[in-house]
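First up is the structure itself, then whatever we jot down about it.
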Amino acid sequence: MGYRLRRWTDADLPVLVAANVPEMMEHLAGPESDARIARRHEQYVRGWDSGRPHMFTIRRDDAPVAVGSIGWWESEWDGEPCLETGWMVLPEFQRQGAATAGVRLVIEDARTHGPLPTLMACPNVDNAASNALCRTVGFTHRGTLEDEYRGVPMTLNVWTYDLRETA
């Protein structure tokens, strides 16, 4: 089964809405308001006009609908600029390789189009699946950090990937 990334478009708002449920948002401070989802969607669409963020839907070759989302944007780690990535796969498509394929594809996109050599991922320490995925695709664990997201304190693992290295 093959996967591909498709640039985020106006038609992709349902992906954010479908993911905005407690079981999908448990590691991200819980579901967001409808207004916040609408703002996030607009940011994803407009990001393509400004060059950042680069947000995509993850598509399975044999499915007409998006199975999840992924992207990269500029960030900072340890006082240095870097790129950061984050992803989500809808429950009915989990455990089928979509996240692994999506992360590998976004690494290639960031390597080709990103302005910086380091890609970072910061899953919650309690998010076993995302941490395992980082390990599987070749990210290096750099430690943990304490952060706050939408007013909720979190402990995050920091994983980095050197985009200068070829697979």
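Naming scheme: A, B, ... for chains in displayed order of the structure tokens; residues 1 onward per chain; ligands 1 onward as shown.
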Can you tell me which residues surround A:Gly86 at a distance of at most 12 Å, considering only C-alpha atoms, apart from same-chain residues fewer than 4 positions away, and format the answer as a ChimeraX atom specification?
/A:28,53-57,68-75,99,102-103,106-107,119-124,130-131,133-134,159
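Summary of the local environment: counting only C-alpha atoms, residues at most 8 Å from A:Leu145, other than itself and those fewer than 2 positions away along its chain, are Gly143, Asp147, Thr155, Leu156, Asn157 and Val158 of chain A.
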Sel. of helix (DSSP H, G or I) residues, chain A, as a PyMOL selection string: chain A and resi 10-19+22-25+34-50+91-93+98-113+128-137
DSSP-assigned strand (DSSP E) members of stretch 71-121 of chain A, reported as number ranges by chain: A: 71-77, 80-89, 118-121
Would you output that residue set with C-alpha atoms, as a CSV table (one decimal), in the first residue's frame?
```csv
chain,number,residue,atom,x,y,z
A,71,GLY,CA,3.7,19.2,8.1
A,72,TRP,CA,6.8,21.2,9.0
A,73,TRP,CA,7.3,24.8,10.1
A,74,GLU,CA,10.2,26.9,11.4
A,75,SER,CA,10.9,26.6,15.1
A,76,GLU,CA,13.8,26.7,17.6
A,77,TRP,CA,15.6,24.1,19.7
A,80,GLU,CA,19.1,27.4,17.3
A,81,PRO,CA,16.6,27.7,14.5
A,82,CYS,CA,15.3,24.4,13.2
A,83,LEU,CA,12.3,22.9,11.4
A,84,GLU,CA,9.6,21.2,13.5
A,85,THR,CA,7.2,18.5,12.4
A,86,GLY,CA,3.9,17.1,13.8
A,87,TRP,CA,1.4,14.6,12.5
A,88,MET,CA,-1.9,13.0,13.1
A,89,VAL,CA,-3.6,9.9,11.6
A,118,THR,CA,17.5,20.0,11.4
A,119,LEU,CA,14.0,18.6,11.7
A,120,MET,CA,12.6,18.3,15.2
A,121,ALA,CA,9.6,16.4,16.6
```
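If you measure from each of A:Trp48, A:Trp8, A:Tyr161, A:Tyr3 to A:His113 using only C-alpha atoms, the closest one turns out to be A:Trp48.
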